[in-house]
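Pasting input-v7.json here (JSON, C-alpha atoms):
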[["chain", "number", "residue", "atom", "x", "y", "z"],
["A", 1, "MET", "CA", 46.97, 7.37, -24.48],
["A", 2, "ILE", "CA", 43.88, 9.57, -24.10],
["A", 3, "VAL", "CA", 41.04, 7.98, -22.13],
["A", 4, "TYR", "CA", 37.49, 9.25, -22.58],
["A", 5, "SER", "CA", 34.39, 8.88, -20.42],
["A", 6, "TYR", "CA", 31.40, 7.12, -21.90],
["A", 7, "ALA", "CA", 29.34, 10.30, -21.64],
["A", 8, "ILE", "CA", 31.82, 12.17, -23.88],
["A", 9, "ILE", "CA", 31.89, 9.31, -26.40],
["A", 10, "ARG", "CA", 28.08, 9.29, -26.54],
["A", 11, "ARG", "CA", 28.03, 13.04, -27.28],
["A", 12, "LEU", "CA", 30.64, 12.66, -30.03],
["A", 13, "ALA", "CA", 28.80, 9.69, -31.51],
["A", 14, "SER", "CA", 25.57, 11.68, -31.61],
["A", 15, "LEU", "CA", 27.32, 14.65, -33.25],
["A", 16, "PHE", "CA", 28.96, 12.49, -35.94],
["A", 17, "LYS", "CA", 25.97, 10.14, -36.41],
["A", 18, "CYS", "CA", 27.83, 7.04, -35.21],
["A", 19, "THR", "CA", 26.53, 3.88, -33.61],
["A", 20, "CYS", "CA", 28.61, 2.89, -30.61],
["A", 21, "ALA", "CA", 28.74, -0.05, -28.21],
["A", 22, "ILE", "CA", 30.86, -0.99, -25.23],
["A", 23, "ALA", "CA", 33.28, -3.86, -25.93],
["A", 24, "ASN", "CA", 36.24, -5.72, -24.44],
["A", 25, "LEU", "CA", 34.69, -6.08, -20.96],
["A", 26, "GLY", "CA", 33.88, -2.38, -20.72],
["A", 27, "THR", "CA", 37.33, -1.01, -21.61],
["A", 28, "LEU", "CA", 36.70, 0.07, -25.22],
["A", 29, "ILE", "CA", 33.92, 1.65, -27.21],
["A", 30, "LEU", "CA", 33.55, 0.51, -30.80],
["A", 31, "CYS", "CA", 31.90, 2.98, -33.16],
["A", 32, "THR", "CA", 30.68, 2.35, -36.69],
["A", 33, "GLY", "CA", 29.07, 4.46, -39.38],
["A", 34, "CYS", "CA", 31.43, 7.42, -39.10],
["A", 35, "ASP", "CA", 34.95, 8.30, -40.20],
["A", 36, "VAL", "CA", 35.99, 10.17, -37.06],
["A", 37, "PHE", "CA", 36.92, 7.30, -34.76],
["A", 38, "ALA", "CA", 36.58, 3.54, -34.62],
["A", 39, "MET", "CA", 37.90, 2.37, -31.25],
["A", 40, "VAL", "CA", 38.20, 4.60, -28.23],
["A", 41, "PRO", "CA", 39.65, 3.63, -24.83],
["A", 42, "LEU", "CA", 37.13, 4.05, -22.04],
["A", 43, "THR", "CA", 37.58, 4.86, -18.39],
["A", 44, "THR", "CA", 36.39, 1.84, -16.45],
["A", 45, "PRO", "CA", 33.70, 2.68, -13.90],
["A", 46, "PRO", "CA", 33.76, 1.10, -10.45],
["A", 47, "ASP", "CA", 31.63, -2.00, -9.93],
["A", 48, "CYS", "CA", 28.01, -0.97, -10.13],
["A", 49, "GLU", "CA", 25.50, -3.65, -9.21],
["A", 50, "MET", "CA", 21.81, -3.65, -8.50],
["A", 51, "THR", "CA", 20.80, -5.07, -5.13],
["A", 52, "VAL", "CA", 17.13, -5.67, -5.97],
["A", 53, "TRP", "CA", 15.42, -8.19, -8.22],
["A", 54, "ASN", "CA", 14.56, -6.93, -11.68],
["A", 55, "ARG", "CA", 11.79, -8.55, -13.67],
["A", 56, "GLN", "CA", 8.67, -7.61, -15.57],
["A", 57, "ILE", "CA", 5.77, -7.19, -13.17],
["A", 58, "ASP", "CA", 2.46, -5.44, -13.57],
["A", 59, "ALA", "CA", 1.66, -4.67, -9.92],
["A", 60, "LEU", "CA", 1.95, -0.93, -10.49],
["A", 61, "SER", "CA", -1.70, -0.22, -11.21],
["A", 62, "ASP", "CA", -3.16, 3.11, -12.21],
["A", 63, "PRO", "CA", -0.11, 5.37, -11.97],
["A", 64, "PRO", "CA", 0.81, 8.13, -11.46],
["A", 65, "TYR", "CA", 0.82, 7.85, -7.70],
["A", 66, "PRO", "CA", 0.62, 10.78, -5.28],
["A", 67, "GLU", "CA", 3.87, 12.62, -4.64],
["A", 68, "ARG", "CA", 4.78, 11.49, -1.15],
["A", 69, "ASN", "CA", 7.48, 9.46, 0.53],
["A", 70, "VAL", "CA", 5.60, 8.67, 3.77],
["A", 71, "THR", "CA", 2.81, 6.10, 4.04],
["A", 72, "GLY", "CA", 3.66, 4.75, 7.51],
["A", 73, "ASP", "CA", 6.37, 4.44, 10.14],
["A", 74, "GLU", "CA", 7.33, 0.75, 10.43],
["A", 75, "HIS", "CA", 9.91, 0.46, 7.64],
["A", 76, "VAL", "CA", 12.42, 2.83, 6.00],
["A", 77, "LEU", "CA", 13.74, 2.05, 2.50],
["A", 78, "MET", "CA", 16.68, 4.13, 1.30],
["A", 79, "GLY", "CA", 18.01, 3.82, -2.21],
["A", 80, "THR", "CA", 20.48, 5.20, -4.70],
["A", 81, "VAL", "CA", 19.93, 5.29, -8.47],
["A", 82, "ARG", "CA", 23.03, 5.27, -10.68],
["A", 83, "ASP", "CA", 23.96, 5.25, -14.33],
["A", 84, "ALA", "CA", 24.69, 1.57, -15.11],
["A", 85, "GLU", "CA", 27.70, 2.32, -17.30],
["A", 86, "MET", "CA", 29.48, 5.08, -15.38],
["A", 87, "CYS", "CA", 28.05, 4.32, -11.93],
["A", 88, "GLU", "CA", 27.41, 8.02, -11.36],
["A", 89, "PRO", "CA", 24.38, 9.03, -9.26],
["A", 90, "LEU", "CA", 21.33, 10.23, -11.20],
["A", 91, "SER", "CA", 19.27, 13.15, -9.91],
["A", 92, "ASN", "CA", 15.57, 13.85, -10.43],
["A", 93, "VAL", "CA", 14.77, 10.22, -11.30],
["A", 94, "THR", "CA", 11.12, 9.23, -10.81],
["A", 95, "VAL", "CA", 10.64, 6.44, -8.27],
["A", 96, "MET", "CA", 7.05, 5.15, -7.97],
["A", 97, "PHE", "CA", 6.40, 2.62, -5.22],
["A", 98, "ASP", "CA", 3.55, 0.25, -4.41],
["A", 99, "MET", "CA", 3.09, -2.39, -1.74],
["A", 100, "THR", "CA", 0.32, -4.22, 0.06],
["A", 101, "ASN", "CA", -1.27, -3.30, 3.37],
["A", 102, "HIS", "CA", -0.73, -5.48, 6.47],
["A", 103, "ASP", "CA", -3.33, -7.97, 5.15],
["A", 104, "GLY", "CA", -1.51, -8.51, 1.84],
["A", 105, "VAL", "CA", -4.00, -6.46, -0.20],
["A", 106, "TYR", "CA", -3.01, -3.81, -2.75],
["A", 107, "ASP", "CA", -5.46, -1.10, -1.68],
["A", 108, "GLY", "CA", -3.54, 2.04, -2.70],
["A", 109, "THR", "CA", -2.74, 3.19, 0.84],
["A", 110, "GLN", "CA", 0.97, 2.48, 0.37],
["A", 111, "GLN", "CA", 1.61, 4.01, -3.04],
["A", 112, "GLY", "CA", 3.66, 7.08, -3.79],
["A", 113, "THR", "CA", 6.09, 8.89, -6.05],
["A", 114, "VAL", "CA", 9.44, 10.31, -4.98],
["A", 115, "TYR", "CA", 12.37, 11.81, -6.89],
["A", 116, "THR", "CA", 16.06, 11.25, -6.36],
["A", 117, "ASP", "CA", 18.13, 14.13, -4.99],
["A", 118, "ILE", "CA", 21.38, 15.47, -6.46],
["A", 119, "ASP", "CA", 23.25, 12.44, -5.04],
["A", 120, "GLY", "CA", 20.80, 9.97, -6.64],
["A", 121, "LYS", "CA", 19.24, 9.13, -3.25],
["A", 122, "PHE", "CA", 15.63, 8.62, -2.18],
["A", 123, "THR", "CA", 13.89, 7.53, 1.03],
["A", 124, "ILE", "CA", 10.48, 5.88, 1.54],
["A", 125, "TYR", "CA", 8.82, 5.56, 4.96],
["A", 126, "SER", "CA", 6.05, 2.94, 5.03],
["A", 127, "ASN", "CA", 4.19, 0.44, 7.10],
["A", 128, "ARG", "CA", 5.43, -3.12, 6.75],
["A", 129, "PRO", "CA", 3.70, -4.74, 3.74],
["A", 130, "GLY", "CA", 1.93, -8.06, 4.22],
["A", 131, "ALA", "CA", 2.66, -11.17, 2.16],
["A", 132, "TYR", "CA", 0.89, -11.31, -1.19],
["A", 133, "GLY", "CA", -0.12, -14.84, -2.09],
["A", 134, "ASP", "CA", 2.73, -17.27, -1.43],
["A", 135, "GLY", "CA", 5.43, -14.62, -1.84],
["A", 136, "ASN", "CA", 7.46, -12.64, 0.65],
["A", 137, "PRO", "CA", 6.33, -9.16, 1.67],
["A", 138, "HIS", "CA", 7.88, -6.83, -0.89],
["A", 139, "ILE", "CA", 7.86, -3.36, -2.40],
["A", 140, "HIS", "CA", 7.50, -2.77, -6.15],
["A", 141, "LEU", "CA", 9.45, 0.18, -7.53],
["A", 142, "TYR", "CA", 9.18, 1.72, -10.98],
["A", 143, "ILE", "CA", 12.35, 3.70, -11.81],
["A", 144, "GLY", "CA", 12.42, 6.05, -14.80],
["A", 145, "SER", "CA", 14.29, 9.05, -16.18],
["A", 146, "ASN", "CA", 14.67, 10.78, -19.55],
["A", 147, "GLY", "CA", 17.52, 9.27, -21.56],
["A", 148, "TYR", "CA", 17.40, 5.92, -19.70],
["A", 149, "THR", "CA", 15.55, 2.62, -20.02],
["A", 150, "SER", "CA", 12.86, 2.48, -17.31],
["A", 151, "ILE", "CA", 12.70, -0.60, -15.11],
["A", 152, "THR", "CA", 10.44, -2.15, -12.49],
["A", 153, "VAL", "CA", 12.20, -3.78, -9.56],
["A", 154, "GLY", "CA", 11.25, -5.38, -6.28],
["A", 155, "TYR", "CA", 12.64, -5.25, -2.77],
["A", 156, "ASP", "CA", 11.85, -8.08, -0.31],
["A", 157, "VAL", "CA", 11.03, -6.87, 3.20],
["A", 158, "MET", "CA", 12.41, -9.39, 5.70],
["A", 159, "SER", "CA", 10.38, -9.95, 8.87],
["A", 160, "ASP", "CA", 13.06, -8.85, 11.34],
["A", 161, "VAL", "CA", 14.31, -5.79, 9.40],
["A", 162, "THR", "CA", 12.99, -2.25, 9.91],
["A", 163, "ASN", "CA", 15.12, -0.55, 7.26],
["A", 164, "GLY", "CA", 16.83, -1.35, 4.01],
["A", 165, "ASN", "CA", 19.26, 0.19, 1.57],
["A", 166, "ILE", "CA", 19.20, -0.65, -2.15],
["A", 167, "GLU", "CA", 21.24, 0.20, -5.24],
["A", 168, "ILE", "CA", 19.48, 0.56, -8.60],
["A", 169, "THR", "CA", 21.11, 1.10, -12.00],
["A", 170, "LEU", "CA", 19.55, 2.53, -15.16],
["A", 171, "THR", "CA", 20.96, 1.83, -18.61],
["A", 172, "PRO", "CA", 21.38, 4.87, -20.87],
["A", 173, "LEU", "CA", 19.55, 4.89, -24.17],
["A", 174, "LEU", "CA", 22.09, 4.88, -26.99],
["A", 175, "ASP", "CA", 22.10, 7.85, -29.37],
["A", 176, "HIS", "CA", 22.16, 7.05, -33.07]]
Before anything else, please render the file you have as structure tokens.
Amino acid sequence: MIVYSYAIIRRLASLFKCTCAIANLGTLILCTGCDVFAMVPLTTPPDCEMTVWNRQIDALSDPPYPERNVTGDEHVLMGTVRDAEMCEPLSNVTVMFDMTNHDGVYDGTQQGTVYTDIDGKFTIYSNRPGAYGDGNPHIHLYIGSNGYTSITVGYDVMSDVTNGNIEITLTPLLDH
């Protein structure tokens, strides 16, 4: 049996004007609208989970933010951005971040834009954000790249932690 990667299937589907979707718990791709193939076995990627909360938030005001990864020296946030379906690292992904100052006010002093390296990694050095309202101190991150659905996620900064490591996944846009 020949097993194909999802990236190869997407290219073939685009070439032959097919619509494809992952099925059978990620082990098959079903394609419709073309005569070339209907069901294709798929290599199963390793588990690929996000370790941050993902929800619609509008705290990212007035982007774009300055290109910088240092706004302080009290907390280090390291992250990796991966393709959600193949779990491969994504390079040159835009990561915009925003957080409050020590007093819990969004004043723009802790905003920035970084880009992932060839291994999908980024690092942000910041001061510890203060609590905003009744919530925990946290960092908002906008993650976006061509060919992927952009998302906004949040990372809670615990009071006794000076560094964190997060995993973020982006879902590819399907070609039609």
Polymer residues at most 12 Å from Thr51 (chain A), all atoms listed in the file, same-chain spacing of 6 or more positions, as a ChimeraX atom specification: /A:78-82,153-156,164-169
Atom-to-atom span, CA of His102 (chain A) and CA of Pro137 (chain A), Å: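 Separation of CA of His102 (chain A) and CA of Pro137 (chain A): 9.3 Å.
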Quick one: distance from CA of Asn163 (chain A) to CA of Arg128 (chain A) in Å, one decimal? 10.0 Å
Using only C-alpha atoms for the distances, tell me which of A:Thr123, A:Asn146, A:Thr162, A:Thr71 is nearest to Gly108 (chain A).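 Closest residue, counting only C-alpha atoms: A:Thr71.
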Please compute the CA of Thr171 (chain A)-CA of Met96 (chain A) distance, one decimal, in Å.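 These atoms are spaced 17.8 Å apart.
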Measuring between all atoms listed in the file, which one of A:Asp83, A:Gly133, A:Pro89, A:Thr152 shows the shortest distance to Lys121 (chain A)? A:Pro89
Non-local contacts of Pro64 (chain A) (12 Å; all atoms listed in the file; under 2 positions in same chain excluded) as a PDB file with C-alpha atoms, keeping the file's coordinate frame:
ATOM      1  CA  LEU A  60       1.950  -0.930 -10.490  1.00  0.00           C
ATOM      2  CA  SER A  61      -1.700  -0.220 -11.210  1.00  0.00           C
ATOM      3  CA  ASP A  62      -3.160   3.110 -12.210  1.00  0.00           C
ATOM      4  CA  PRO A  66       0.620  10.780  -5.280  1.00  0.00           C
ATOM      5  CA  GLU A  67       3.870  12.620  -4.640  1.00  0.00           C
ATOM      6  CA  ARG A  68       4.780  11.490  -1.150  1.00  0.00           C
ATOM      7  CA  THR A  94      11.120   9.230 -10.810  1.00  0.00           C
ATOM      8  CA  VAL A  95      10.640   6.440  -8.270  1.00  0.00           C
ATOM      9  CA  MET A  96       7.050   5.150  -7.970  1.00  0.00           C
ATOM     10  CA  PHE A  97       6.400   2.620  -5.220  1.00  0.00           C
ATOM     11  CA  ASP A  98       3.550   0.250  -4.410  1.00  0.00           C
ATOM     12  CA  GLY A 108      -3.540   2.040  -2.700  1.00  0.00           C
ATOM     13  CA  GLN A 111       1.610   4.010  -3.040  1.00  0.00           C
ATOM     14  CA  GLY A 112       3.660   7.080  -3.790  1.00  0.00           C
ATOM     15  CA  THR A 113       6.090   8.890  -6.050  1.00  0.00           C
ATOM     16  CA  VAL A 114       9.440  10.310  -4.980  1.00  0.00           C
ATOM     17  CA  TYR A 142       9.180   1.720 -10.980  1.00  0.00           C
TER      18      TYR A 142
END
For Val93 (chain A), please output as an MDAnalysis selection string all residues within 7 Å (counting only C-alpha atoms; exclusion window: fewer than 2 positions along the same chain). chainID A and resid 90:91 95 115:116 143:145
Select, from A:Val76, A:Cys48, A:Met99, A:Val70, the residue with the minimum atom-to-atom distance to Ile139 (chain A), counting all atoms listed in the file. A:Met99
Closest of A:Gly120, A:Pro129, A:Gly104, A:Gly72 to Met158 (chain A) - atom-to-atom distances counting all atoms listed in the file: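 So, comparing all the options, the nearest one is A:Pro129.
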Quick one: of A:Leu174, A:Leu77, A:Val52, A:Ala84, who's nearest to Val161 (chain A), counting all atoms listed in the file?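 Of all the options, A:Leu77 lies closest to Val161 (chain A).
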Let me have the centre and edge lengths of the axis-aligned box enclosing all listed atoms of region 81-95 of chain A with 8 Å padding on every side, in Å to one decimal, as AutoDock Vina command-line options.
--center_x 20.1 --center_y 7.7 --center_z -12.8 --size_x 34.8 --size_y 28.3 --size_z 25.0
Do you know which residues are at most 10 Å from Asp103 (chain A) counting all atoms listed in the file, after dropping those on the same chain fewer than 6 positions away, and could you put them as a list in words? Pro129, Gly130, Ala131 and Tyr132 of chain A
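Counting only C-alpha atoms and comparing A:Glu88, A:Asn101, A:His75, A:Leu141, the residue that lies closest to Asp119 (chain A) is A:Glu88.
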